[in-house]
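What follows is the content of input28.txt (compact mmCIF, C-alpha atoms).
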# COMPACT_ATOMS: atom_id res chain seq x y z
CA MET A 1 -135.60 -179.43 -124.24
CA PRO A 2 -134.23 -176.09 -125.49
CA GLN A 3 -135.95 -174.90 -128.67
CA PRO A 4 -134.50 -172.51 -131.28
CA LEU A 5 -135.44 -169.02 -130.16
CA PRO A 6 -135.98 -165.75 -132.01
CA LEU A 7 -132.77 -163.78 -132.43
CA LYS A 8 -132.86 -161.95 -129.13
CA ALA A 9 -131.32 -162.34 -125.72
CA ASN A 10 -133.69 -164.86 -124.18
CA LYS A 11 -132.31 -167.16 -121.49
CA THR A 12 -132.32 -170.85 -122.42
CA GLU A 13 -131.99 -174.14 -120.55
CA ARG A 14 -128.49 -175.55 -120.03
CA CYS A 15 -127.52 -178.10 -122.68
CA ALA A 16 -124.80 -179.37 -124.97
CA ILE A 17 -125.22 -178.95 -128.69
CA VAL A 18 -123.50 -180.71 -131.54
CA VAL A 19 -123.48 -179.03 -134.94
CA GLY A 20 -122.88 -181.45 -137.78
CA ALA A 21 -124.40 -184.93 -137.99
CA GLY A 22 -121.55 -186.76 -139.70
CA PRO A 23 -119.32 -189.42 -138.08
CA ALA A 24 -117.38 -186.91 -135.94
CA GLY A 25 -120.47 -185.09 -134.71
CA LEU A 26 -122.43 -188.27 -134.02
CA MET A 27 -119.51 -189.71 -132.06
CA ALA A 28 -119.30 -186.56 -129.92
CA ALA A 29 -123.06 -186.71 -129.37
CA THR A 30 -122.74 -190.36 -128.33
CA VAL A 31 -120.10 -189.57 -125.72
CA LEU A 32 -122.25 -186.82 -124.23
CA ALA A 33 -125.59 -188.63 -124.39
CA ARG A 34 -124.17 -191.80 -122.83
CA ALA A 35 -123.00 -189.67 -119.90
CA GLY A 36 -126.57 -188.47 -119.33
CA VAL A 37 -126.13 -185.03 -120.94
CA ARG A 38 -129.04 -183.54 -122.84
CA VAL A 39 -127.80 -183.29 -126.42
CA GLU A 40 -129.26 -181.30 -129.30
CA VAL A 41 -127.83 -182.13 -132.72
CA TYR A 42 -128.11 -179.62 -135.58
CA ASP A 43 -127.34 -180.12 -139.25
CA HIS A 44 -128.07 -177.96 -142.25
CA MET A 45 -128.92 -180.93 -144.48
CA THR A 46 -132.29 -182.65 -144.41
CA ARG A 47 -130.86 -185.85 -142.93
CA ALA A 48 -127.75 -187.06 -141.09
CA GLY A 49 -124.54 -188.52 -142.45
CA ARG A 50 -124.76 -187.56 -146.12
CA LYS A 51 -121.00 -187.91 -146.69
CA PHE A 52 -120.88 -191.17 -144.72
CA LEU A 53 -123.60 -192.57 -146.95
CA LEU A 54 -121.76 -191.49 -150.08
CA ALA A 55 -118.54 -193.10 -148.84
CA GLY A 56 -120.45 -196.34 -148.37
CA ARG A 57 -121.24 -196.64 -152.06
CA GLY A 58 -117.74 -197.87 -152.89
CA GLY A 59 -117.39 -200.32 -150.00
CA LEU A 60 -117.39 -198.97 -146.48
CA ASN A 61 -113.78 -199.12 -145.29
CA LEU A 62 -114.32 -198.06 -141.66
CA THR A 63 -110.77 -198.32 -140.33
CA ARG A 64 -107.90 -200.78 -140.52
CA GLU A 65 -106.01 -203.18 -138.31
CA GLU A 66 -102.48 -201.85 -138.04
CA PRO A 67 -99.88 -201.21 -135.32
CA PRO A 68 -100.71 -197.82 -133.73
CA ALA A 69 -97.36 -196.23 -134.63
CA HIS A 70 -97.72 -197.21 -138.28
CA PHE A 71 -101.36 -196.08 -138.34
CA ALA A 72 -100.50 -192.65 -136.92
CA ARG A 73 -97.83 -191.99 -139.55
CA HIS A 74 -100.56 -191.65 -142.15
CA TYR A 75 -101.59 -188.33 -140.60
CA TYR A 76 -98.34 -186.66 -141.74
CA GLU A 77 -97.56 -183.49 -139.73
CA GLN A 78 -100.18 -184.42 -137.15
CA THR A 79 -98.60 -187.80 -136.41
CA PRO A 80 -97.74 -186.86 -132.77
CA PHE A 81 -101.32 -185.76 -132.08
CA PHE A 82 -102.84 -188.89 -133.61
CA SER A 83 -100.28 -191.15 -131.95
CA ASP A 84 -101.71 -190.07 -128.62
CA LEU A 85 -105.33 -189.95 -129.76
CA LEU A 86 -105.30 -193.45 -131.25
CA GLN A 87 -104.18 -194.78 -127.89
CA ARG A 88 -107.32 -193.26 -126.39
CA PHE A 89 -109.85 -194.11 -129.08
CA SER A 90 -108.33 -196.78 -131.30
CA PRO A 91 -109.54 -198.83 -134.26
CA ALA A 92 -110.30 -201.59 -131.74
CA ASP A 93 -112.44 -199.15 -129.73
CA LEU A 94 -114.31 -198.22 -132.89
CA ARG A 95 -115.00 -201.86 -133.69
CA ARG A 96 -116.26 -202.43 -130.14
CA PHE A 97 -118.58 -199.46 -130.48
CA LEU A 98 -119.94 -200.84 -133.76
CA THR A 99 -120.51 -204.20 -132.08
CA GLU A 100 -122.66 -202.38 -129.52
CA LEU A 101 -124.74 -201.16 -132.47
CA GLU A 102 -124.96 -204.81 -133.58
CA VAL A 103 -122.66 -204.16 -136.52
CA THR A 104 -120.10 -206.93 -136.93
CA THR A 105 -116.90 -206.19 -138.81
CA PHE A 106 -114.14 -208.20 -140.44
CA VAL A 107 -110.53 -207.56 -141.42
CA GLY A 108 -109.71 -207.97 -145.10
CA SER A 109 -106.46 -209.32 -146.48
CA SER A 110 -104.94 -205.83 -146.65
CA GLY A 111 -105.83 -205.04 -143.03
CA ARG A 112 -108.81 -202.92 -143.98
CA VAL A 113 -111.90 -203.24 -141.78
CA PHE A 114 -115.37 -203.54 -143.31
CA PRO A 115 -118.86 -204.28 -141.97
CA GLU A 116 -119.79 -207.91 -142.56
CA LYS A 117 -123.34 -207.31 -143.73
CA ALA A 118 -124.61 -203.88 -142.74
CA THR A 119 -124.68 -201.09 -145.30
CA ALA A 120 -123.74 -197.51 -144.51
CA ALA A 121 -127.46 -196.63 -144.35
CA GLU A 122 -128.16 -199.45 -141.90
CA ILE A 123 -125.25 -198.46 -139.66
CA LEU A 124 -126.40 -194.86 -139.69
CA ASP A 125 -130.00 -195.80 -138.86
CA ARG A 126 -128.89 -197.94 -135.92
CA TRP A 127 -126.65 -195.16 -134.66
CA LEU A 128 -129.38 -192.53 -134.87
CA SER A 129 -131.85 -194.85 -133.12
CA HIS A 130 -129.28 -195.43 -130.38
CA LEU A 131 -128.84 -191.68 -129.86
CA GLU A 132 -132.57 -191.03 -129.86
CA GLY A 133 -132.94 -193.78 -127.27
CA LEU A 134 -130.46 -191.87 -125.12
CA GLY A 135 -132.59 -188.74 -125.40
CA ALA A 136 -130.70 -186.88 -128.15
CA HIS A 137 -132.82 -184.62 -130.36
CA PHE A 138 -132.11 -183.81 -133.99
CA HIS A 139 -132.78 -180.54 -135.83
CA PHE A 140 -132.25 -180.69 -139.57
CA SER A 141 -132.25 -177.85 -142.12
CA HIS A 142 -130.46 -175.66 -139.57
CA ARG A 143 -127.40 -173.92 -141.02
CA LEU A 144 -125.00 -172.35 -138.50
CA GLN A 145 -124.34 -168.74 -139.51
CA ASN A 146 -122.39 -167.32 -136.58
CA ILE A 147 -121.35 -167.74 -132.97
CA GLY A 148 -122.05 -164.83 -130.65
CA PRO A 149 -119.77 -163.66 -127.84
CA ASN A 150 -121.96 -165.16 -125.12
CA GLY A 151 -122.35 -168.68 -126.44
CA ASP A 152 -125.14 -167.72 -128.85
CA PHE A 153 -125.37 -169.97 -131.91
CA VAL A 154 -127.15 -168.29 -134.79
CA PHE A 155 -128.89 -170.63 -137.23
CA ASP A 156 -130.68 -170.05 -140.48
CA ALA A 157 -133.59 -172.50 -140.39
CA GLN A 158 -134.97 -171.79 -143.88
CA GLY A 159 -136.75 -168.74 -142.58
CA PRO A 160 -136.11 -166.23 -139.78
CA ARG A 161 -132.81 -166.65 -138.05
CA HIS A 162 -132.89 -168.49 -134.74
CA LEU A 163 -130.63 -168.27 -131.74
CA VAL A 164 -129.69 -171.20 -129.50
CA ARG A 165 -127.83 -170.88 -126.22
CA ALA A 166 -125.66 -173.73 -124.97
CA ASP A 167 -123.22 -174.32 -122.14
CA THR A 168 -120.89 -176.22 -124.43
CA ALA A 169 -120.83 -177.17 -128.08
CA VAL A 170 -119.04 -179.50 -130.45
CA LEU A 171 -118.75 -178.31 -134.04
CA ALA A 172 -118.21 -180.96 -136.70
CA LEU A 173 -119.08 -179.03 -139.85
CA GLY A 174 -116.70 -180.85 -142.17
CA GLY A 175 -114.08 -179.56 -144.57
CA ALA A 176 -114.80 -178.38 -148.11
CA SER A 177 -114.92 -181.51 -150.27
CA TRP A 178 -118.11 -183.01 -151.69
CA PRO A 179 -120.08 -179.83 -150.84
CA GLN A 180 -123.29 -181.46 -152.04
CA THR A 181 -123.13 -183.55 -148.86
CA GLY A 182 -123.03 -180.44 -146.65
CA SER A 183 -119.31 -179.91 -146.09
CA ASP A 184 -118.87 -176.66 -147.98
CA GLY A 185 -116.52 -174.80 -145.59
CA HIS A 186 -118.96 -171.92 -145.12
CA TRP A 187 -117.98 -171.63 -141.47
CA ILE A 188 -114.51 -170.30 -142.34
CA SER A 189 -115.85 -166.75 -142.73
CA PHE A 190 -117.26 -166.38 -139.22
CA PHE A 191 -114.33 -168.25 -137.68
CA GLU A 192 -112.00 -165.69 -139.18
CA ARG A 193 -114.16 -162.90 -137.75
CA HIS A 194 -113.40 -164.42 -134.34
CA GLY A 195 -109.68 -164.28 -135.15
CA ILE A 196 -109.36 -168.06 -135.42
CA SER A 197 -106.51 -169.03 -137.74
CA CYS A 198 -107.53 -171.41 -140.53
CA THR A 199 -105.39 -172.90 -143.26
CA PRO A 200 -107.05 -172.49 -146.69
CA PHE A 201 -108.74 -175.64 -147.94
CA ALA A 202 -107.15 -177.63 -150.75
CA PRO A 203 -108.20 -180.87 -152.45
CA ALA A 204 -106.90 -184.14 -151.00
CA ASN A 205 -107.46 -187.71 -152.20
CA CYS A 206 -108.42 -186.57 -155.66
CA GLY A 207 -107.70 -187.27 -159.31
CA ILE A 208 -104.77 -185.67 -161.12
CA GLU A 209 -104.70 -183.86 -164.44
CA ILE A 210 -102.46 -185.05 -167.28
CA THR A 211 -102.72 -183.87 -170.89
CA TRP A 212 -103.23 -186.98 -173.02
CA SER A 213 -103.22 -187.12 -176.77
CA ALA A 214 -106.72 -187.37 -178.25
CA HIS A 215 -106.01 -190.90 -179.48
CA PHE A 216 -104.84 -192.19 -176.08
CA ARG A 217 -107.63 -190.41 -174.19
CA ASP A 218 -110.41 -191.70 -176.41
CA ARG A 219 -109.10 -195.24 -176.63
CA PHE A 220 -108.32 -195.84 -172.96
CA ASN A 221 -110.77 -193.65 -171.05
CA GLY A 222 -112.04 -195.78 -168.14
CA THR A 223 -109.28 -198.40 -168.49
CA PRO A 224 -107.40 -199.43 -165.32
CA LEU A 225 -103.61 -199.47 -164.96
CA LYS A 226 -103.27 -202.53 -162.77
CA ASN A 227 -100.56 -203.50 -160.28
CA SER A 228 -98.42 -200.41 -160.75
CA LEU A 229 -96.30 -198.47 -158.28
CA PHE A 230 -96.59 -194.69 -158.29
CA THR A 231 -93.99 -192.31 -156.81
CA GLY A 232 -94.59 -188.64 -156.07
CA PRO A 233 -92.08 -185.77 -156.23
CA ASP A 234 -91.09 -186.15 -152.56
CA GLY A 235 -90.53 -189.91 -152.84
CA THR A 236 -93.91 -190.93 -151.42
CA THR A 237 -95.06 -194.17 -153.01
CA ALA A 238 -98.50 -195.70 -153.52
CA SER A 239 -99.38 -199.03 -154.99
CA GLY A 240 -102.60 -200.23 -156.51
CA ASP A 241 -104.71 -199.53 -159.53
CA ALA A 242 -105.28 -196.24 -161.27
CA VAL A 243 -107.94 -195.51 -163.85
CA ILE A 244 -107.21 -193.58 -167.02
CA CYS A 245 -109.80 -190.85 -167.55
CA THR A 246 -110.29 -187.94 -169.88
CA TYR A 247 -108.55 -185.48 -167.55
CA GLY A 248 -105.70 -187.76 -166.36
CA LEU A 249 -105.69 -190.44 -163.67
CA GLU A 250 -107.78 -191.29 -160.64
CA GLY A 251 -108.11 -194.19 -158.20
CA GLY A 252 -106.60 -195.74 -155.10
CA GLY A 253 -103.06 -195.76 -156.50
CA ILE A 254 -103.24 -191.99 -157.11
CA TYR A 255 -105.14 -190.51 -154.15
CA PRO A 256 -102.35 -190.96 -151.53
CA LEU A 257 -100.00 -188.86 -153.69
CA THR A 258 -102.15 -185.72 -153.72
CA ARG A 259 -100.17 -184.23 -150.86
CA SER A 260 -96.85 -184.98 -152.57
CA LEU A 261 -97.98 -183.27 -155.77
CA ARG A 262 -99.67 -180.25 -154.20
CA GLN A 263 -96.58 -178.13 -153.40
CA PRO A 264 -94.71 -178.45 -156.71
CA LEU A 265 -97.95 -177.82 -158.58
CA ALA A 266 -98.48 -174.63 -156.57
CA THR A 267 -94.92 -173.36 -157.07
CA LYS A 268 -94.00 -174.64 -160.54
CA GLY A 269 -97.31 -175.31 -162.21
CA SER A 270 -96.44 -178.94 -162.93
CA ALA A 271 -95.01 -182.00 -161.20
CA ILE A 272 -93.49 -185.32 -162.23
CA LEU A 273 -95.18 -188.58 -161.26
CA LEU A 274 -93.14 -191.76 -161.74
CA VAL A 275 -94.86 -195.02 -162.65
CA ASP A 276 -93.32 -198.47 -162.29
CA LEU A 277 -95.19 -200.67 -164.74
CA LYS A 278 -93.38 -203.87 -163.69
CA ARG A 279 -92.94 -203.53 -159.94
CA ASP A 280 -92.13 -207.25 -159.56
CA MET A 281 -89.02 -207.10 -161.79
CA GLU A 282 -85.67 -205.32 -161.64
CA LYS A 283 -84.50 -203.05 -164.44
CA ARG A 284 -81.72 -205.50 -165.39
CA GLN A 285 -84.17 -208.37 -165.75
CA ILE A 286 -86.46 -206.20 -167.86
CA ALA A 287 -83.58 -205.18 -170.15
CA GLN A 288 -82.54 -208.82 -170.63
CA LYS A 289 -86.05 -209.79 -171.67
CA ILE A 290 -86.34 -206.84 -174.03
CA MET A 291 -83.04 -207.82 -175.70
CA VAL A 292 -84.45 -211.19 -176.73
CA PRO A 293 -84.63 -211.01 -180.56
CA ARG A 294 -88.09 -209.90 -181.55
CA SER A 295 -87.83 -211.15 -185.16
CA ASP A 296 -90.80 -209.82 -187.09
CA ARG A 297 -92.89 -209.13 -183.99
CA SER A 298 -94.11 -205.58 -183.42
CA TRP A 299 -92.94 -203.80 -180.27
CA SER A 300 -96.36 -204.16 -178.70
CA GLU A 301 -96.33 -207.91 -179.36
CA HIS A 302 -92.71 -208.24 -178.21
CA LEU A 303 -93.38 -206.50 -174.88
CA ARG A 304 -96.55 -208.50 -174.41
CA LYS A 305 -94.65 -211.77 -174.93
CA THR A 306 -91.55 -210.93 -172.90
CA LEU A 307 -92.88 -208.67 -170.12
CA ARG A 308 -96.62 -209.31 -170.24
CA LEU A 309 -97.14 -205.64 -170.90
CA SER A 310 -100.30 -205.12 -172.88
CA GLY A 311 -103.22 -202.82 -173.35
CA PRO A 312 -102.72 -199.40 -171.80
CA HIS A 313 -99.21 -200.18 -170.48
CA TYR A 314 -97.58 -200.34 -173.89
CA SER A 315 -99.64 -197.43 -175.22
CA LEU A 316 -98.68 -195.38 -172.17
CA LEU A 317 -95.01 -195.98 -173.00
CA ARG A 318 -95.65 -194.80 -176.55
CA GLU A 319 -97.60 -191.82 -175.23
CA CYS A 320 -94.83 -190.62 -172.94
CA CYS A 321 -91.54 -191.73 -174.50
CA PRO A 322 -89.77 -190.42 -177.62
CA ALA A 323 -89.38 -192.91 -180.46
CA GLU A 324 -85.63 -193.37 -179.90
CA VAL A 325 -86.29 -194.97 -176.49
CA PHE A 326 -87.59 -198.03 -178.33
CA THR A 327 -84.20 -198.51 -180.03
CA ASP A 328 -82.30 -198.80 -176.72
CA PRO A 329 -83.24 -201.75 -174.45
CA LEU A 330 -81.69 -200.11 -171.38
CA ARG A 331 -83.57 -196.86 -171.88
CA LEU A 332 -86.78 -198.74 -172.55
CA ALA A 333 -86.26 -200.83 -169.41
CA GLY A 334 -85.72 -197.60 -167.48
CA ALA A 335 -88.97 -196.20 -168.85
CA VAL A 336 -90.85 -199.33 -167.83
CA LYS A 337 -89.51 -198.94 -164.27
CA ASN A 338 -89.70 -195.13 -164.05
CA LEU A 339 -92.10 -193.76 -166.60
CA LYS A 340 -92.38 -189.99 -166.21
CA LEU A 341 -95.86 -188.46 -166.34
CA THR A 342 -96.22 -184.67 -166.25
CA VAL A 343 -99.02 -183.70 -163.88
CA THR A 344 -100.52 -180.28 -164.58
CA GLY A 345 -103.07 -180.00 -161.80
CA LEU A 346 -105.32 -181.56 -159.17
CA ARG A 347 -109.04 -181.98 -159.58
CA PRO A 348 -111.10 -179.32 -157.78
CA LEU A 349 -112.35 -179.48 -154.21
CA THR A 350 -115.86 -180.24 -155.38
CA GLU A 351 -114.60 -183.59 -156.74
CA ALA A 352 -112.10 -184.44 -153.99
CA ILE A 353 -112.83 -187.19 -151.49
CA SER A 354 -111.42 -185.06 -148.67
CA SER A 355 -109.71 -181.75 -148.08
CA SER A 356 -106.59 -180.47 -146.40
CA GLY A 357 -106.69 -177.26 -144.37
CA GLY A 358 -109.02 -176.04 -141.66
CA VAL A 359 -108.63 -174.89 -138.07
CA SER A 360 -105.00 -174.73 -137.00
CA PHE A 361 -104.11 -177.04 -134.12
CA ALA A 362 -102.50 -173.99 -132.47
CA GLU A 363 -106.05 -172.67 -131.94
CA VAL A 364 -107.22 -175.63 -129.83
CA ASP A 365 -106.18 -177.22 -126.56
CA GLU A 366 -105.45 -180.89 -125.94
CA MET A 367 -109.20 -181.63 -125.88
CA LEU A 368 -109.87 -179.68 -129.11
CA MET A 369 -111.47 -176.66 -127.42
CA LEU A 370 -111.00 -173.34 -129.21
CA SER A 371 -108.98 -170.93 -127.09
CA LYS A 372 -110.83 -167.94 -128.56
CA LEU A 373 -114.27 -169.49 -127.97
CA PRO A 374 -114.12 -171.26 -124.59
CA GLY A 375 -116.61 -174.10 -124.37
CA VAL A 376 -116.64 -174.63 -128.15
CA PHE A 377 -114.88 -177.74 -129.46
CA VAL A 378 -114.11 -178.73 -133.05
CA ALA A 379 -113.76 -182.18 -134.59
CA GLY A 380 -113.42 -184.05 -137.85
CA GLU A 381 -112.35 -182.40 -141.10
CA MET A 382 -112.80 -178.92 -139.64
CA LEU A 383 -109.33 -179.42 -138.20
CA ASP A 384 -106.19 -179.01 -140.27
CA TRP A 385 -105.22 -182.64 -140.86
CA GLU A 386 -105.34 -184.96 -143.82
CA ALA A 387 -104.91 -188.66 -144.40
CA PRO A 388 -105.16 -191.11 -147.29
CA THR A 389 -108.24 -193.18 -147.96
CA GLY A 390 -108.32 -196.77 -146.75
CA GLY A 391 -109.81 -196.31 -143.28
CA TYR A 392 -107.59 -193.49 -142.06
CA LEU A 393 -110.06 -190.70 -142.89
CA LEU A 394 -113.01 -192.24 -141.10
CA GLN A 395 -110.94 -193.30 -138.09
CA GLY A 396 -109.68 -189.72 -137.82
CA ALA A 397 -113.25 -188.42 -137.84
CA PHE A 398 -114.46 -190.95 -135.24
CA SER A 399 -111.47 -190.38 -132.94
CA THR A 400 -111.51 -186.56 -133.04
CA GLY A 401 -115.27 -186.64 -132.47
CA TRP A 402 -114.75 -188.87 -129.44
CA LEU A 403 -112.07 -186.51 -128.05
CA ALA A 404 -114.15 -183.37 -128.57
CA GLY A 405 -117.10 -185.08 -126.89
CA GLN A 406 -114.91 -185.99 -123.92
CA GLY A 407 -113.68 -182.40 -123.75
CA ALA A 408 -117.22 -181.00 -123.76
CA LEU A 409 -118.26 -183.51 -121.10
CA ARG A 410 -115.31 -182.58 -118.89
CA ARG A 411 -116.18 -178.89 -119.21
CA LEU A 412 -119.79 -179.49 -118.20
CA ARG A 413 -118.71 -181.49 -115.18
CA ARG A 414 -116.31 -178.76 -114.10
CA GLU A 415 -119.08 -176.19 -114.29

Before anything else, please render the file you have as C-alpha cells.
Amino acid sequence: MPQPLPLKANKTERCAIVVGAGPAGLMAATVLARAGVRVEVYDHMTRAGRKFLLAGRGGLNLTREEPPAHFARHYYEQTPFFSDLLQRFSPADLRRFLTELEVTTFVGSSGRVFPEKATAAEILDRWLSHLEGLGAHFHFSHRLQNIGPNGDFVFDAQGPRHLVRADTAVLALGGASWPQTGSDGHWISFFERHGISCTPFAPANCGIEITWSAHFRDRFNGTPLKNSLFTGPDGTTASGDAVICTYGLEGGGIYPLTRSLRQPLATKGSAILLVDLKRDMEKRQIAQKIMVPRSDRSWSEHLRKTLRLSGPHYSLLRECCPAEVFTDPLRLAGAVKNLKLTVTGLRPLTEAISSSGGVSFAEVDEMLMLSKLPGVFVAGEMLDWEAPTGGYLLQGAFSTGWLAGQGALRRLRRE
C-alpha cells in the first residue's frame, strides 16, 4: 500500500487514488475496487460523507423514478450529457447497488426514492465497510493542496506536507456550498494555475431575500405558504410549500427557481417572483367568488369564507398590494393568481444546498478526464452542472462518480 511520502521525488507503487469521500468519490472508488484495483481514498475531513449525512437529516431522497428523458431535463444546459450518462448509470442502477449494500428503497407518491429503514449514517457505514472489504484504504485529515506536473498529489496532513504518486486519480472535492461539510471550493486556485477553466461558484437551491415589513416578518416568521405555485422570471415554475422567514422565503417551492432568479438579480439587482395562491382555481372563478356580497364581513373573513384564503395568504396580499386593489374584484383576483414579490437577493453560498459553477465540461473528455491533467478525472459538484433538489442532485453525484471511476479504470487497463 502506498503511504504519503515526504515532499520529494520518491518513486511510489502504482495505484489509483480518489480524493473526496462523498457520494461521487465513494462511487468512483467502488468501481475501481470492484475491478481489483488498489484504491486509496483521501479526504480532508475527519470522516467520510459529511454532506451526505447532513442531507439525510431532512429525509434522504436518493433519486427518483422518472422517464430518463424527463429526468435529464432537470440538468438544464447539461441535459445532453446527462441524457447519455443516465442510460449508463441510471436510477435503477443506483437502487440495485443499494440493494447490494442491503439497503432497500421505495418509491413515494411523487416518484421520489427513499430508503425504507436505513438512515444516511447506516448507508454510509455499510458502504465504507464494503469498500474496506474490497481492500480500499482511507486517509482522513488530508487536504489536497496541489497537483504536480508528474502526477504528484500534494496533501496537507495537519503537519508537514506529503506527496502521493498515483497512476490515475478521481477528484470529487465538491462545490462550494455547505463548506462546513468540506466542500469549500479551495481547489479552484490550483486548478486555475494549471490553466483549467472554471465557472465561478454561485448559490443554487437556496432561500431568497425579500424585504418584509416588520409586522409581517415578526408575525409570520416560520409559517408555511402551502399549496402555492411559484413562477420565476424566465417562466420556470415550481410547486410546493415555501416557508416565510426573516430574510424572505425558503423551502422546496423556492429552491428550483434559484437559477431563474440568478441572472436578473446579477444584472438588475432585483427580480420578480409570481405566486399563485389558488392554483386550483381560474381567475374568473376567483373573481366571481370575491364579488359575492361580503355584508359586514372584513376582507380577511370574506376571503377566508369564499376562497379559503387565511393566515399568511391574506396578509401576504395586504403586504404586497396597494389598498385600491381590494376595491376591484378583478384586480384582487389577478393578485391572488399572480402576486408579485420583489426578490432582492439569494442567500449566500454558505447556506445554499448546492452550488452552480465549477470545472467547464470543455475541459474534460467523455469519461470526465481533464485534458490538461491526463489521468486525472473529476466528478460530482466539481463539474459545472446544477439540478434541483428532489433526488436529482444525488443521482448526478452518483452517476458522475461512476463514470469517472470507469474512466480511471479504462486508463489503468490501457497502461

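Compared by their closest atoms to Arg50 of chain A, and using all atoms listed in the file, the residues A:Thr181, A:Ser354, A:Ser399, A:Thr168 rank with A:Thr181 nearest.
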
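Residues having any atom no farther than 9 Å from (-123.6, -189.5, -125.8) (counting only C-alpha atoms) are Leu26, Met27, Ala28, Ala29, Thr30, Val31, Leu32, Ala33, Arg34, Ala35, Gly36, Val37, Arg38, Val39, Leu131, Leu134, Ala136 and Gly405 of chain A.
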
Could you turn the residues from that selection into a file that holds C-alpha atoms, as a compact mmCIF listing (two decimals), in the coordinates of the input?
# COMPACT_ATOMS: atom_id res chain seq x y z
CA LEU A 26 -122.43 -188.27 -134.02
CA MET A 27 -119.51 -189.71 -132.06
CA ALA A 28 -119.30 -186.56 -129.92
CA ALA A 29 -123.06 -186.71 -129.37
CA THR A 30 -122.74 -190.36 -128.33
CA VAL A 31 -120.10 -189.57 -125.72
CA LEU A 32 -122.25 -186.82 -124.23
CA ALA A 33 -125.59 -188.63 -124.39
CA ARG A 34 -124.17 -191.80 -122.83
CA ALA A 35 -123.00 -189.67 -119.90
CA GLY A 36 -126.57 -188.47 -119.33
CA VAL A 37 -126.13 -185.03 -120.94
CA ARG A 38 -129.04 -183.54 -122.84
CA VAL A 39 -127.80 -183.29 -126.42
CA LEU A 131 -128.84 -191.68 -129.86
CA LEU A 134 -130.46 -191.87 -125.12
CA ALA A 136 -130.70 -186.88 -128.15
CA GLY A 405 -117.10 -185.08 -126.89

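Each of A:Cys245, A:Leu332, A:Val18, A:Leu86 was checked against Leu173 of chain A using all atoms listed in the file; the smallest atom-to-atom distance is that of A:Val18.
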
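The smallest atom-to-atom distance between Asp218 of chain A and any of A:Trp385, A:Ile244, A:Ala118, A:Arg47, using only C-alpha atoms, is found for A:Ile244.
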
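The spacing separating atom CA of Glu366 of chain A from atom CA of Leu409 of chain A amounts to 13.9 Å.
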
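Closest to Ile210 of chain A among A:Phe230, A:Phe191, A:Phe155, A:Tyr247 is A:Tyr247, based on all atoms listed in the file.
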
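Using only C-alpha atoms, the smallest distance between any of A:Leu273, A:Gly253, A:Leu171, A:Ile17 and Lys340 of chain A comes from A:Leu273.
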
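Between Asp384 of chain A and the candidates A:Gln158, A:Ser90, A:Ser197, A:Gln288, the tightest atom-to-atom separation, counting all atoms listed in the file, involves A:Ser197.
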